[in-house]
Amino acid sequence: LQADLLARIDGAASIEAVEAIRVEALGKQGRITALLKSLGGMTPEERLVEGPAIHALREGVTAAIGTRKAALERAALDAKLAAETLDMTLPADRTPPGSVHPVSQVLDELAEIFADLGFAVASGPEIEDDWHNFSALNIPETHPARAMHDTFYFPNEGEKRMLLRTHTSPVQIRTMLKDKPPIRIIAPGRVYRSDSDATHTPMFHQIEGLVIDRGITLGHLKWTLETFLKAFFERDDIVLRLRSSYFPFTEPSVEIDVGYSIVNGKRVIGGSDGWLEVLGSGMVHRKVIEACGLDPSEWQGFAFGTGVDRLAMLKYGMDDLRAFFDGDLRWLRHYGFAA
Ligand code: PHE
């Protein structure tokens with residue numbers, strides 16, 4: 001019996017098979033259990049011989065079962081570990097990393113270029129009041145320029161009419177009221193106009209520039225913008241054309257055109273085959289300087305403003321402004337802005 005049981009225990013292929021043998025040998029109806037029970041019906045002499053033999057058999061079989069079970073459990077664990085092995089040399093799954101949006105990229109470039117020219121960055125609220133957005137900039141209630149701005153007004157008809165700023169020029173006012181001249185700031189940010197087509201979105205980005213000091217002239221304005229555009233478009237052959245224009249808050253006002261050349265049928269900034277309007281600018285109107293509590297006979301300055309998204313389109317050759325705000329990865333990838 002012992003030899004038979006031990007051989008079968010050793011040969012058992014699974015924990016369940018070992019368990020079945022244990023029940024068969026040591027269970028309530030088991031063969032060894034039956035032998036143990038039979039001791040009661042033996043003579044003392046028989047029992048003296050059979051007792052130790054049966055107990056030895058039980059211990060031997062119990063030990064063999066324990067050993068076999070442990071071996072099978074270890075084998076099962078080894079198999080599981082082997083199946084779950086990680087190959088540390090495999091390349092990791094590629095989770096696409098985030099990337100910088102072209103507008104953010106251009107805003108960073110602008111801040112860096114103007115920092116080199118000594119300009120600090122200023123900001124103001126996107127929810128603005130009528131006075132900062134219009135009146136203080138010499139655009140009174142009745143002024144036709146208000147109609148051109150397609151303003152989003154808030155429905156508060158009270159004493160302080162609120163709106164979404166239509167340009168970054170109110171930051172000129174806020175800066176002059178807050179800081180003492182000399183002032184040299186740029187103010188990048190979101191602006192809003194009720195307008196939408198391939199070159200207009202209801203929200204877009206502008207950057208404003210303001211310099212207030214003694215003895216500032218149009219010459220300073222031209223040099224600053226020329227230096228800025230050369231750095232931004234990374235070209236030395238930048239040609240500017242200053243065109244007389246009109247803004248209520250500058251006098252004189254000049255529209256800045258930049259020359260382009262045609263390369264492989266595409267417009268490239270630089271040269272002078274044609275002209276693209278890139279900035280509005282001018283000498284800060286004395287009424288604006290006065291509205292900010294400064295004396296215009298002592299302090300003069302220039303201001304300029306332009307669309308950041310438009311600058312990005314010109315630099316990176318994009319043609320639909322709306323795509324900037326669609327969040328379409330294919331579009332970003334096409335222009336090299338996403339992995
Ligand atoms: N605020 C003007 C616009 O939105 C641009 C501008 C800024 C013009 C500063 C002159 C001086 O069109």
# chains A, B, ... in the order shown; residues from 1 in each chain; ligands from 1
$ closest_atom_pairs --of "chain A" --to "ligand 1" --cutoff "7 Å" --atoms "only C-alpha atoms and all ligand atoms" --output "tab-separated table"
residue	atom	partner	partner_atom_place_in_ligand_line	distance
A:Thr166	CA	ligand 1	4 (O)	6.9
A:His167	CA	ligand 1	4 (O)	4.6
A:Thr168	CA	ligand 1	1 (N)	6.3
A:Ser169	CA	ligand 1	1 (N)	5.1
A:Glu208	CA	ligand 1	7 (C)	6.0
A:Gly209	CA	ligand 1	9 (C)	6.9
A:Phe247	CA	ligand 1	10 (C)	6.0
A:Phe249	CA	ligand 1	10 (C)	6.9
A:Thr250	CA	ligand 1	10 (C)	6.0
A:Ser253	CA	ligand 1	10 (C)	6.7
A:Gly280	CA	ligand 1	8 (C)	4.0
A:Ser281	CA	ligand 1	10 (C)	3.6
A:Gly282	CA	ligand 1	10 (C)	5.5
A:Ala303	CA	ligand 1	11 (C)	4.5
A:Phe304	CA	ligand 1	9 (C)	3.6
A:Gly305	CA	ligand 1	7 (C)	3.6
A:Thr306	CA	ligand 1	5 (C)	5.9
$ write_last_selection --atoms "N, CA and C atoms" --output "CSV table (one decimal), in the first residue's frame"
chain,number,residue,atom,x,y,z
A,166,THR,N,-11.9,94.8,-27.3
A,166,THR,CA,-11.9,94.6,-28.7
A,166,THR,C,-10.5,94.7,-29.3
A,167,HIS,N,-9.5,95.2,-28.4
A,167,HIS,CA,-8.1,95.3,-28.7
A,167,HIS,C,-7.3,95.4,-27.4
A,168,THR,N,-6.0,95.3,-27.6
A,168,THR,CA,-5.2,95.3,-26.4
A,168,THR,C,-4.8,96.8,-26.0
A,169,SER,N,-5.3,97.8,-26.7
A,169,SER,CA,-5.0,99.2,-26.4
A,169,SER,C,-5.4,99.6,-25.0
A,208,GLU,N,0.3,94.5,-28.1
A,208,GLU,CA,0.3,96.0,-28.1
A,208,GLU,C,1.7,96.4,-27.6
A,209,GLY,N,2.2,97.5,-28.1
A,209,GLY,CA,3.4,98.0,-27.7
A,209,GLY,C,3.2,99.5,-27.3
A,247,PHE,N,-6.1,106.2,-36.6
A,247,PHE,CA,-6.6,105.6,-35.4
A,247,PHE,C,-6.9,106.8,-34.4
A,249,PHE,N,-6.6,107.1,-31.4
A,249,PHE,CA,-5.7,107.3,-30.2
A,249,PHE,C,-4.2,107.5,-30.6
A,250,THR,N,-4.0,107.7,-31.9
A,250,THR,CA,-2.6,108.0,-32.3
A,250,THR,C,-2.7,109.2,-33.3
A,253,SER,N,-1.0,108.7,-37.3
A,253,SER,CA,-1.2,107.3,-37.3
A,253,SER,C,-0.5,106.7,-38.6
A,280,GLY,N,-0.6,98.3,-37.0
A,280,GLY,CA,-1.2,99.6,-36.8
A,280,GLY,C,-0.3,100.3,-35.8
A,281,SER,N,-0.1,101.6,-36.0
A,281,SER,CA,0.8,102.3,-35.0
A,281,SER,C,0.7,103.8,-35.2
A,282,GLY,N,1.4,104.5,-34.4
A,282,GLY,CA,1.4,105.9,-34.4
A,282,GLY,C,2.0,106.5,-33.2
A,303,ALA,N,2.9,104.0,-30.1
A,303,ALA,CA,2.2,102.8,-29.7
A,303,ALA,C,2.0,102.0,-31.0
A,304,PHE,N,1.9,100.7,-30.9
A,304,PHE,CA,1.6,99.8,-32.0
A,304,PHE,C,0.8,98.6,-31.6
A,305,GLY,N,0.1,98.0,-32.6
A,305,GLY,CA,-0.7,96.9,-32.2
A,305,GLY,C,-0.8,96.0,-33.4
A,306,THR,N,-0.8,94.7,-33.2
A,306,THR,CA,-1.0,93.8,-34.3
A,306,THR,C,-1.6,92.4,-33.9
$ closest_atom_pairs --of "region 232-316 of chain A" --to "region 179-195 of chain A" --cutoff "12 Å" --atoms "only C-alpha atoms" --output "JSON lines"
{"residue": "A:Ile289", "atom": "CA", "partner": "A:Pro181", "partner_atom": "CA", "distance": 11.0}
{"residue": "A:Cys292", "atom": "CA", "partner": "A:Asp179", "partner_atom": "CA", "distance": 10.3}
{"residue": "A:Gly293", "atom": "CA", "partner": "A:Lys180", "partner_atom": "CA", "distance": 10.4}
{"residue": "A:Leu294", "atom": "CA", "partner": "A:Pro181", "partner_atom": "CA", "distance": 9.0}
{"residue": "A:Asp295", "atom": "CA", "partner": "A:Pro181", "partner_atom": "CA", "distance": 10.9}
{"residue": "A:Pro296", "atom": "CA", "partner": "A:Pro181", "partner_atom": "CA", "distance": 11.8}
{"residue": "A:Glu298", "atom": "CA", "partner": "A:Pro181", "partner_atom": "CA", "distance": 10.4}
{"residue": "A:Trp299", "atom": "CA", "partner": "A:Pro181", "partner_atom": "CA", "distance": 7.8}
{"residue": "A:Gln300", "atom": "CA", "partner": "A:Pro182", "partner_atom": "CA", "distance": 9.7}
{"residue": "A:Gly301", "atom": "CA", "partner": "A:Ile183", "partner_atom": "CA", "distance": 8.9}
{"residue": "A:Phe302", "atom": "CA", "partner": "A:Arg184", "partner_atom": "CA", "distance": 9.9}
{"residue": "A:Ala303", "atom": "CA", "partner": "A:Ile186", "partner_atom": "CA", "distance": 9.5}
{"residue": "A:Phe304", "atom": "CA", "partner": "A:Ile186", "partner_atom": "CA", "distance": 9.2}
{"residue": "A:Gly305", "atom": "CA", "partner": "A:Ala187", "partner_atom": "CA", "distance": 9.1}
{"residue": "A:Thr306", "atom": "CA", "partner": "A:Pro188", "partner_atom": "CA", "distance": 9.6}
{"residue": "A:Gly307", "atom": "CA", "partner": "A:Pro188", "partner_atom": "CA", "distance": 9.4}
{"residue": "A:Val308", "atom": "CA", "partner": "A:Pro188", "partner_atom": "CA", "distance": 8.1}
{"residue": "A:Asp309", "atom": "CA", "partner": "A:Arg190", "partner_atom": "CA", "distance": 10.3}
$ residues_around --residues "Trp131 (chain A)" --least-positions-apart "3" --cutoff "10 Å" --atoms "only C-alpha atoms" --output "list in words"
Glu128, Phe134, Ser135, Ala136, Leu137, Asn138, Ile139, Pro140, Glu141, Lys160, Arg161, Met162, Pro170 and Ile173 of chain A
$ write_last_selection --atoms "C-alpha atoms" --output "short mmCIF file (atom, residue, chain, number, x, y, z; two decimals), in the first residue's frame"
data_model
loop_
_atom_site.label_atom_id
_atom_site.label_comp_id
_atom_site.auth_asym_id
_atom_site.auth_seq_id
_atom_site.Cartn_x
_atom_site.Cartn_y
_atom_site.Cartn_z
CA GLU A 128 -13.08 95.57 -19.81
CA PHE A 134 -12.90 103.33 -25.93
CA SER A 135 -13.35 106.69 -24.19
CA ALA A 136 -9.85 107.05 -22.70
CA LEU A 137 -8.47 106.12 -26.13
CA ASN A 138 -10.22 109.14 -27.64
CA ILE A 139 -13.12 107.07 -28.99
CA PRO A 140 -16.18 108.82 -27.54
CA GLU A 141 -19.66 107.26 -27.54
CA LYS A 160 -20.30 101.21 -16.08
CA ARG A 161 -20.87 99.40 -19.35
CA MET A 162 -18.80 96.22 -19.55
CA PRO A 170 -6.81 99.55 -23.07
CA ILE A 173 -4.32 103.29 -20.50
#
$ residues_around --residues "region 233-242 of chain A" --least-positions-apart "2" --cutoff "9 Å" --atoms "only C-alpha atoms" --output "list in words"
Lys222, Leu225, Glu226, Phe228, Leu229, Lys230, Ala231, Ser244, Val254, Glu255, Ile256, Asp257, Val258, Gly259, Tyr260, Ile269, Gly270, Gly271, Ser272, Trp275, Leu314 and Lys315 of chain A
$ write_last_selection --atoms "C-alpha atoms" --output "PDB file, in the first residue's frame"
ATOM      1  CA  LYS A 222      10.298 102.899 -37.195  1.00  0.00           C
ATOM      2  CA  LEU A 225       9.432  97.906 -35.539  1.00  0.00           C
ATOM      3  CA  GLU A 226      12.148  97.274 -38.131  1.00  0.00           C
ATOM      4  CA  PHE A 228      11.480  93.609 -34.202  1.00  0.00           C
ATOM      5  CA  LEU A 229      10.362  92.382 -37.647  1.00  0.00           C
ATOM      6  CA  LYS A 230      13.926  91.443 -38.638  1.00  0.00           C
ATOM      7  CA  ALA A 231      14.273  89.364 -35.481  1.00  0.00           C
ATOM      8  CA  SER A 244      -0.467 107.324 -43.398  1.00  0.00           C
ATOM      9  CA  VAL A 254       0.835 104.966 -39.552  1.00  0.00           C
ATOM     10  CA  GLU A 255       0.017 101.589 -40.985  1.00  0.00           C
ATOM     11  CA  ILE A 256       3.140  99.448 -41.289  1.00  0.00           C
ATOM     12  CA  ASP A 257       3.474  97.311 -44.418  1.00  0.00           C
ATOM     13  CA  VAL A 258       6.233  94.743 -44.794  1.00  0.00           C
ATOM     14  CA  GLY A 259       7.658  93.777 -48.178  1.00  0.00           C
ATOM     15  CA  TYR A 260       7.422  90.218 -49.458  1.00  0.00           C
ATOM     16  CA  ILE A 269       8.440  87.941 -46.002  1.00  0.00           C
ATOM     17  CA  GLY A 270      11.505  89.899 -47.121  1.00  0.00           C
ATOM     18  CA  GLY A 271      12.255  91.818 -50.285  1.00  0.00           C
ATOM     19  CA  SER A 272       9.778  94.200 -51.894  1.00  0.00           C
ATOM     20  CA  TRP A 275       3.367  94.692 -49.494  1.00  0.00           C
ATOM     21  CA  LEU A 314       2.805  84.887 -42.055  1.00  0.00           C
ATOM     22  CA  LYS A 315       5.785  83.245 -40.386  1.00  0.00           C
TER      23      LYS A 315
END
$ select_by_dssp --residues "region 38-133 of chain A" --states "alpha helix (DSSP H)" --output "PyMOL selection string"
chain A and resi 38+44-83+102-116+130-133
$ residues_around --residues "Pro96 (chain A)" --least-positions-apart "2" --cutoff "7 Å" --atoms "only C-alpha atoms" --output "list in words"
Arg94, Gly98 and Ala339 of chain A
$ write_last_selection --atoms "N, CA and C atoms" --output "short mmCIF file (atom, residue, chain, number, x, y, z; two decimals), in the first residue's frame"
data_model
loop_
_atom_site.label_atom_id
_atom_site.label_comp_id
_atom_site.auth_asym_id
_atom_site.auth_seq_id
_atom_site.Cartn_x
_atom_site.Cartn_y
_atom_site.Cartn_z
N ARG A 94 4.56 54.58 -26.90
CA ARG A 94 4.70 56.02 -27.12
C ARG A 94 3.41 56.75 -26.77
N GLY A 98 2.64 66.43 -25.05
CA GLY A 98 1.99 67.67 -25.42
C GLY A 98 2.95 68.51 -26.24
N ALA A 339 3.76 66.17 -32.40
CA ALA A 339 4.47 64.94 -32.77
C ALA A 339 3.51 63.97 -33.42
#
$ residues_around --residues "region 316-329 of chain A" --least-positions-apart "5" --cutoff "10 Å" --atoms "only C-alpha atoms" --output "compact mmCIF listing (two decimals) with N, CA and C atoms, in the first residue's frame"
# COMPACT_ATOMS: atom_id res chain seq x y z
N HIS A 101 1.48 75.22 -28.82
CA HIS A 101 0.60 75.72 -29.89
C HIS A 101 1.28 76.88 -30.62
N PRO A 102 1.07 76.99 -31.94
CA PRO A 102 1.74 78.06 -32.69
C PRO A 102 1.52 79.46 -32.08
N VAL A 103 0.32 79.71 -31.54
CA VAL A 103 0.08 81.03 -30.95
C VAL A 103 0.98 81.23 -29.73
N VAL A 106 4.56 81.80 -30.87
CA VAL A 106 4.80 83.16 -31.36
C VAL A 106 4.79 84.16 -30.20
N SER A 196 -16.44 86.42 -38.08
CA SER A 196 -15.87 85.09 -38.34
C SER A 196 -15.83 84.75 -39.83
N ASP A 197 -14.63 84.59 -40.36
CA ASP A 197 -14.40 84.04 -41.70
C ASP A 197 -12.97 83.52 -41.73
N ALA A 198 -12.42 83.24 -42.92
CA ALA A 198 -11.10 82.60 -42.99
C ALA A 198 -10.00 83.42 -42.31
N THR A 199 -10.18 84.73 -42.24
CA THR A 199 -9.13 85.55 -41.63
C THR A 199 -9.59 86.24 -40.35
N HIS A 200 -10.81 85.91 -39.88
CA HIS A 200 -11.31 86.50 -38.63
C HIS A 200 -11.94 85.42 -37.76
N THR A 201 -11.59 85.43 -36.46
CA THR A 201 -12.27 84.57 -35.49
C THR A 201 -12.77 85.48 -34.37
N PRO A 202 -13.89 85.12 -33.73
CA PRO A 202 -14.46 86.01 -32.69
C PRO A 202 -13.48 86.27 -31.55
N MET A 203 -12.58 85.31 -31.30
CA MET A 203 -11.51 85.54 -30.33
C MET A 203 -10.20 85.46 -31.10
N PHE A 204 -9.33 86.39 -30.90
CA PHE A 204 -8.00 86.28 -31.50
C PHE A 204 -6.99 86.95 -30.57
N PHE A 233 11.06 87.58 -38.20
CA PHE A 233 11.06 86.80 -39.45
C PHE A 233 12.44 86.24 -39.78
N LYS A 266 4.94 81.14 -53.66
CA LYS A 266 4.44 81.49 -52.32
C LYS A 266 5.04 82.80 -51.85
N ARG A 267 4.25 83.53 -51.07
CA ARG A 267 4.73 84.79 -50.51
C ARG A 267 5.68 84.53 -49.37
N VAL A 268 6.84 85.14 -49.41
CA VAL A 268 7.81 85.01 -48.33
C VAL A 268 8.18 86.42 -47.87
N ASP A 309 -1.96 86.04 -34.17
CA ASP A 309 -2.31 84.90 -35.01
C ASP A 309 -1.90 85.18 -36.46
N ARG A 310 -2.09 86.43 -36.84
CA ARG A 310 -1.72 86.84 -38.20
C ARG A 310 -0.21 86.76 -38.40
N LEU A 311 0.54 87.18 -37.37
CA LEU A 311 1.99 87.06 -37.45
C LEU A 311 2.41 85.59 -37.57
N HIS A 334 0.81 69.01 -39.51
CA HIS A 334 1.14 69.47 -40.86
C HIS A 334 2.13 70.64 -40.81
N TYR A 335 1.95 71.50 -39.83
CA TYR A 335 2.83 72.67 -39.72
C TYR A 335 3.97 72.43 -38.72
N GLY A 336 4.13 71.15 -38.32
CA GLY A 336 5.28 70.81 -37.47
C GLY A 336 5.12 71.20 -36.02
N PHE A 337 3.85 71.36 -35.55
CA PHE A 337 3.66 71.78 -34.16
C PHE A 337 3.23 70.66 -33.22
N ALA A 338 3.09 69.42 -33.74
CA ALA A 338 2.76 68.31 -32.83
C ALA A 338 3.45 67.07 -33.34
N ALA A 339 3.76 66.17 -32.40
CA ALA A 339 4.47 64.94 -32.77
C ALA A 339 3.51 63.97 -33.42
$ residues_around --residues "region 16-22 of chain A" --least-positions-apart "3" --cutoff "8 Å" --atoms "only C-alpha atoms" --output "count of residues only"
12
$ atom_distance --atom1 "CA of Leu35 (chain A)" --atom2 "CA of Ile54 (chain A)"
6.9 Å
$ atom_distance --atom1 "CA of Ile207 (chain A)" --atom2 "CA of Trp223 (chain A)"
17.7 Å
